[in-house]
>>> print(open('work-v8.txt').read())   # compact mmCIF, C-alpha atoms
# COMPACT_ATOMS: atom_id res chain seq x y z
CA MET A 1309 0.00 0.00 0.00
CA SER A 1310 1.33 3.43 -0.92
CA ARG A 1311 2.36 5.58 2.02
CA ARG A 1312 0.07 8.39 0.98
CA HIS A 1313 -2.90 6.00 1.24
CA ASP A 1314 -1.97 4.92 4.78
CA PRO A 1315 -2.17 8.13 6.84
CA GLU A 1316 -2.39 6.22 10.13
CA ARG A 1317 0.87 4.34 9.62
CA ARG A 1318 3.01 6.84 11.53
CA GLN A 1319 0.68 6.64 14.54
CA ARG A 1320 0.66 2.85 14.40
CA ILE A 1321 4.44 2.88 14.50
CA ILE A 1322 4.43 5.11 17.60
CA ASP A 1323 1.85 2.88 19.30
CA ALA A 1324 3.94 -0.16 18.43
CA ALA A 1325 7.08 1.45 19.86
CA ILE A 1326 5.27 2.08 23.13
CA ARG A 1327 4.15 -1.56 23.28
CA VAL A 1328 7.68 -2.78 22.55
CA VAL A 1329 9.13 -0.65 25.35
CA GLY A 1330 6.37 -1.88 27.67
CA GLU A 1331 7.20 -5.51 26.91
CA LYS A 1332 10.98 -5.44 26.39
CA GLY A 1333 12.21 -2.14 27.82
CA ILE A 1334 14.23 0.52 26.03
CA ALA A 1335 16.95 -2.03 25.25
CA GLY A 1336 14.48 -4.05 23.19
CA LEU A 1337 13.53 -1.15 20.96
CA SER A 1338 14.78 -1.17 17.38
CA HIS A 1339 13.38 -0.27 13.99
CA ARG A 1340 13.06 -3.97 13.29
CA THR A 1341 11.15 -4.85 16.49
CA VAL A 1342 8.83 -1.90 16.01
CA ALA A 1343 8.18 -2.77 12.36
CA ALA A 1344 7.30 -6.32 13.36
CA GLU A 1345 5.00 -5.13 16.15
CA ALA A 1346 3.27 -2.61 13.89
CA ASP A 1347 3.10 -5.13 11.02
CA VAL A 1348 4.65 -2.68 8.56
CA PRO A 1349 7.72 -2.92 6.30
CA LEU A 1350 11.01 -2.07 7.98
CA GLY A 1351 11.45 0.80 5.54
CA SER A 1352 8.30 2.44 6.91
CA THR A 1353 9.79 2.90 10.35
CA THR A 1354 12.97 4.48 8.99
CA TYR A 1355 10.93 6.63 6.60
CA HIS A 1356 8.91 8.17 9.42
CA PHE A 1357 11.67 8.03 12.07
CA ALA A 1358 15.22 8.12 10.74
CA THR A 1359 16.71 7.39 14.17
CA LEU A 1360 15.58 5.60 17.31
CA ASP A 1361 15.85 8.88 19.20
CA GLU A 1362 13.24 10.40 16.88
CA LEU A 1363 10.96 7.45 17.53
CA LEU A 1364 11.54 7.68 21.29
CA VAL A 1365 10.76 11.40 21.24
CA ALA A 1366 7.41 10.69 19.61
CA ALA A 1367 6.70 7.83 22.03
CA LEU A 1368 7.62 9.90 25.09
CA ARG A 1369 5.52 12.84 23.93
CA GLN A 1370 2.51 10.55 23.63
CA ALA A 1371 3.18 8.74 26.92
CA ASN A 1372 3.62 12.07 28.69
CA GLU A 1373 -0.08 12.76 28.24
CA GLY A 1374 -0.99 10.26 30.98
CA PHE A 1375 -0.69 12.22 34.23
CA ALA A 1376 -1.31 15.56 32.54
CA LYS A 1377 -4.66 14.26 31.29
CA VAL A 1378 -5.63 13.13 34.79
CA VAL A 1379 -4.81 16.58 36.19
CA ALA A 1380 -6.53 18.39 33.32
CA ALA A 1381 -9.67 16.30 33.81
CA HIS A 1382 -9.94 17.36 37.48
CA PRO A 1383 -12.07 20.56 37.55
CA ALA A 1384 -10.72 21.74 40.90
CA LEU A 1385 -7.16 21.66 39.55
CA SER A 1386 -7.50 22.84 35.97
CA ALA A 1387 -10.59 25.05 35.68
CA PRO A 1388 -9.64 28.62 34.62
CA ASP A 1389 -11.50 30.06 37.60
CA ALA A 1390 -9.94 27.64 40.09
CA ALA A 1391 -7.64 30.37 41.39
CA LEU A 1392 -10.74 32.12 42.73
CA ALA A 1393 -11.09 29.42 45.40
CA PRO A 1394 -7.97 29.89 47.55
CA ASP A 1395 -9.53 28.05 50.48
CA ALA A 1396 -9.74 24.76 48.55
CA ASP A 1397 -7.57 21.88 49.74
CA LEU A 1398 -4.98 21.86 46.95
CA PRO A 1399 -2.65 19.32 48.66
CA GLY A 1400 -5.58 16.99 49.28
CA GLU A 1401 -6.81 17.31 45.70
CA LEU A 1402 -3.35 16.61 44.29
CA ALA A 1403 -2.83 13.63 46.60
CA ARG A 1404 -6.17 12.19 45.54
CA VAL A 1405 -5.49 12.70 41.82
CA LEU A 1406 -2.02 11.15 42.18
CA GLY A 1407 -3.60 8.15 43.86
CA GLU A 1408 -6.11 7.79 41.02
CA TRP A 1409 -3.31 7.82 38.47
CA LEU A 1410 -1.08 5.35 40.32
CA GLY A 1411 -4.08 3.13 41.03
CA GLY A 1412 -5.13 2.99 37.39
CA ASP A 1413 -3.18 1.34 34.60
CA ARG A 1414 0.05 0.56 36.44
CA THR A 1415 1.71 -0.69 33.25
CA GLY A 1416 1.01 2.66 31.61
CA VAL A 1417 2.43 4.55 34.59
CA GLU A 1418 5.62 2.48 34.58
CA LEU A 1419 5.97 2.89 30.83
CA GLU A 1420 5.58 6.65 31.08
CA TYR A 1421 8.38 6.80 33.64
CA GLU A 1422 10.62 4.38 31.73
CA LEU A 1423 10.49 6.65 28.70
CA TYR A 1424 10.81 9.73 30.91
CA LEU A 1425 13.95 8.41 32.64
CA ALA A 1426 15.48 7.37 29.32
CA ALA A 1427 16.27 11.07 28.93
CA LEU A 1428 19.13 10.57 31.40
CA ARG A 1429 21.08 8.72 28.69
CA ARG A 1430 19.49 10.24 25.59
CA PRO A 1431 19.84 14.04 25.44
CA ALA A 1432 17.37 14.22 22.54
CA LEU A 1433 14.61 13.22 24.97
CA ARG A 1434 15.34 15.90 27.56
CA PRO A 1435 13.31 18.70 25.98
CA VAL A 1436 10.29 16.36 25.80
CA ALA A 1437 10.79 15.28 29.40
CA ALA A 1438 10.87 18.96 30.35
CA GLU A 1439 7.58 19.48 28.52
CA TRP A 1440 5.91 17.13 30.99
CA ALA A 1441 6.99 19.19 34.00
CA GLU A 1442 6.18 22.46 32.27
CA GLY A 1443 2.74 21.28 31.19
CA VAL A 1444 1.70 20.04 34.62
CA GLY A 1445 3.30 23.09 36.24
CA ALA A 1446 1.28 25.40 33.99
CA LEU A 1447 -1.93 23.71 35.10
CA LEU A 1448 -1.02 23.97 38.79
CA ALA A 1449 0.09 27.59 38.43
CA ARG A 1450 -3.59 28.46 38.04
CA ARG A 1451 -4.03 27.49 41.67
CA THR A 1452 -0.83 28.96 43.10
CA ASP A 1453 2.25 30.91 42.01
CA PRO A 1454 4.65 29.58 39.31
CA VAL A 1455 7.48 28.78 41.73
CA THR A 1456 5.23 26.79 44.04
CA ALA A 1457 3.74 25.00 41.02
CA ARG A 1458 7.24 23.88 39.97
CA ALA A 1459 7.96 22.70 43.51
CA LEU A 1460 4.71 20.72 43.58
CA VAL A 1461 5.61 19.02 40.31
CA ALA A 1462 8.99 18.04 41.78
CA VAL A 1463 7.34 16.58 44.88
CA LEU A 1464 4.74 14.68 42.82
CA ASP A 1465 7.53 13.34 40.64
CA GLY A 1466 9.52 12.21 43.67
CA ILE A 1467 6.57 10.47 45.31
CA CYS A 1468 5.81 8.61 42.07
CA LEU A 1469 9.39 7.42 41.77
CA GLN A 1470 9.39 6.22 45.40
CA VAL A 1471 6.24 4.19 44.80
CA LEU A 1472 7.42 2.74 41.49
CA LEU A 1473 11.02 1.97 42.45
CA THR A 1474 10.43 0.61 45.95
CA ASP A 1475 7.12 -1.15 45.23
CA THR A 1476 5.71 0.68 48.24
CA PRO A 1477 1.92 1.13 48.39
CA TYR A 1478 0.83 4.68 47.71
CA ASP A 1479 0.02 6.55 50.93
CA GLU A 1480 -2.41 9.35 50.16
CA MET A 1481 -2.23 10.90 53.63
CA TYR A 1482 1.57 11.02 53.49
CA ALA A 1483 1.43 12.60 50.04
CA ARG A 1484 -1.04 15.23 51.25
CA GLU A 1485 1.17 16.07 54.25
CA VAL A 1486 4.27 16.48 52.10
CA LEU A 1487 2.45 18.56 49.47
CA ALA A 1488 0.92 20.74 52.20
CA ARG A 1489 4.42 21.76 53.29
CA VAL A 1490 5.07 23.21 49.84
CA VAL A 1491 1.82 25.12 49.34
CA PRO A 1492 1.90 28.78 50.51
CA GLU A 1493 0.04 29.75 53.65
CA PRO A 1494 -3.49 31.10 53.11
CA GLY A 1495 -3.39 34.69 51.97
CA THR A 1496 0.02 34.47 50.29
CA ARG A 1497 0.95 33.75 46.68
CA ASP A 1498 4.68 33.29 46.99
CA GLY A 1499 5.01 30.81 49.84
CA ARG A 1500 6.53 33.29 52.35
CA GLY A 1501 5.03 33.19 55.80
CA PRO A 1502 4.73 36.17 58.15
CA GLY A 1503 8.24 35.70 59.50
CA SER A 1504 10.03 34.98 56.27
CA LEU A 1505 12.75 37.17 54.86
CA PRO A 1506 12.01 39.24 51.73
CA PRO A 1507 13.74 37.99 48.53
CA ALA A 1508 16.65 40.46 48.76
CA ALA A 1509 17.44 39.53 52.34
CA ALA A 1510 16.94 35.82 51.69
CA GLY A 1511 19.42 35.91 48.78
>>> encode(input="work-v8.txt", output="structure tokens")
Amino acid sequence: MSRRHDPERRQRIIDAAIRVVGEKGIAGLSHRTVAAEADVPLGSTTYHFATLDELLVAALRQANEGFAKVVAAHPALSAPDAALAPDADLPGELARVLGEWLGGDRTGVELEYELYLAALRRPALRPVAAEWAEGVGALLARRTDPVTARALVAVLDGICLQVLLTDTPYDEMYAREVLARVVPEPGTRDGRGPGSLPPAAAG
């Protein structure tokens, strides 16, 4: 079949790459294994993705949508007017959403992180990995200030890694307590309490 008559082939190749990584890990990914999984000629994979890094970038960008979609689907976290409710329990909401994500498709969660951590060895993936943090941070910035949003993303990331790498059950109350220590006190937007030093003095 001519390439121009198979517009879904590129997407099928990306989906196949994600399945290969899920079954065999990054080490098992090659143009040949992906072509076999997608049931397309080997030349199709190299036509759409000249290098494995290009294919991994596409796979990571798609996998990255997992947690971001969960956050975006939560009205209390992503609604444009959410910032108008400063008394809402942001740490509790985040802890609950994180629990929903980790308690869902565990294979998908592990796959998302496997591709995410592959950026440690593959510089081409780092900008895409950064997109994940920036995207979730932008959503959370609607509920707090940008610096606190970035800190929350870092904490969420760390909790996920602890659960995945140590096979420890997710503890929602612990997560809420840790996240609550990052969120600014009521009435502030920059995380500084009444006794904190101003930026100039703190620096």
>>> closest_residue(input="work-v8.txt", among="A:Val1329, A:Leu1433, A:Tyr1478, A:Ile1321", to="Gly1351 in chain A", atoms="all atoms listed in the file")
A:Ile1321
>>> closest_residue(input="work-v8.txt", among="A:Ala1366, A:Ala1380, A:Val1436, A:Ala1403", to="Leu1448 in chain A", atoms="all atoms listed in the file")
A:Ala1380
>>> residues_around(input="work-v8.txt", residues="Arg1327 in chain A", least_positions_apart="5", cutoff="9 Å", atoms="all atoms listed in the file", output="PDB file with C-alpha atoms, in the frame of the given file")
ATOM      1  CA  ILE A1322       4.430   5.110  17.600  1.00  0.00           C
ATOM      2  CA  LYS A1332      10.980  -5.440  26.390  1.00  0.00           C
ATOM      3  CA  VAL A1342       8.830  -1.900  16.010  1.00  0.00           C
ATOM      4  CA  GLU A1345       5.000  -5.130  16.150  1.00  0.00           C
ATOM      5  CA  LEU A1419       5.970   2.890  30.830  1.00  0.00           C
TER       6      LEU A1419
END
>>> closest_residue(input="work-v8.txt", among="A:Val1471, A:Leu1368, A:Leu1402, A:Leu1385", to="Leu1425 in chain A", atoms="only C-alpha atoms")
A:Leu1368
>>> closest_residue(input="work-v8.txt", among="A:Tyr1424, A:Gly1400, A:Asp1347, A:Val1491", to="Leu1364 in chain A", atoms="only C-alpha atoms")
A:Tyr1424
>>> atom_distance(input="work-v8.txt", atom1="CA of Leu1360 in chain A", atom2="CA of His1339 in chain A")
7.1 Å
>>> residues_around(input="work-v8.txt", residues="Glu1439 in chain A", least_positions_apart="6", cutoff="10 Å", atoms="all atoms listed in the file", output="list in words")
Arg1369, Asn1372 and Gly1445 of chain A
>>> residues_around(input="work-v8.txt", residues="Arg1484 in chain A", least_positions_apart="4", cutoff="9 Å", atoms="all atoms listed in the file", output="ChimeraX atom specification")
/A:1398-1404,1479-1480,1488-1489
>>> closest_residue(input="work-v8.txt", among="A:Ala1346, A:Ala1396, A:Leu1423, A:Ala1432", to="Glu1362 in chain A", atoms="all atoms listed in the file")
A:Ala1432
>>> closest_residue(input="work-v8.txt", among="A:Gly1374, A:Gly1416, A:Pro1477, A:Pro1315", to="His1356 in chain A", atoms="all atoms listed in the file")
A:Pro1315
>>> atom_distance(input="work-v8.txt", atom1="CA of Arg1340 in chain A", atom2="CA of Glu1422 in chain A")
20.4 Å
>>> atom_distance(input="work-v8.txt", atom1="CA of Glu1316 in chain A", atom2="CA of Leu1337 in chain A")
20.6 Å
>>> residues_near_point(input="work-v8.txt", point="(6.4, 1.0, 6.3)", cutoff="10 Å", atoms="all atoms listed in the file", output="PyMOL selection string")
chain A and resi 1309-1311+1314+1317-1318+1321+1343+1346-1356
>>> residues_around(input="work-v8.txt", residues="Leu1472 in chain A", least_positions_apart="4", cutoff="10 Å", atoms="only C-alpha atoms", output="list in words")
Leu1410, Arg1414, Val1417, Glu1418, Tyr1421, Gly1466, Ile1467, Cys1468, Thr1476, Pro1477 and Tyr1478 of chain A
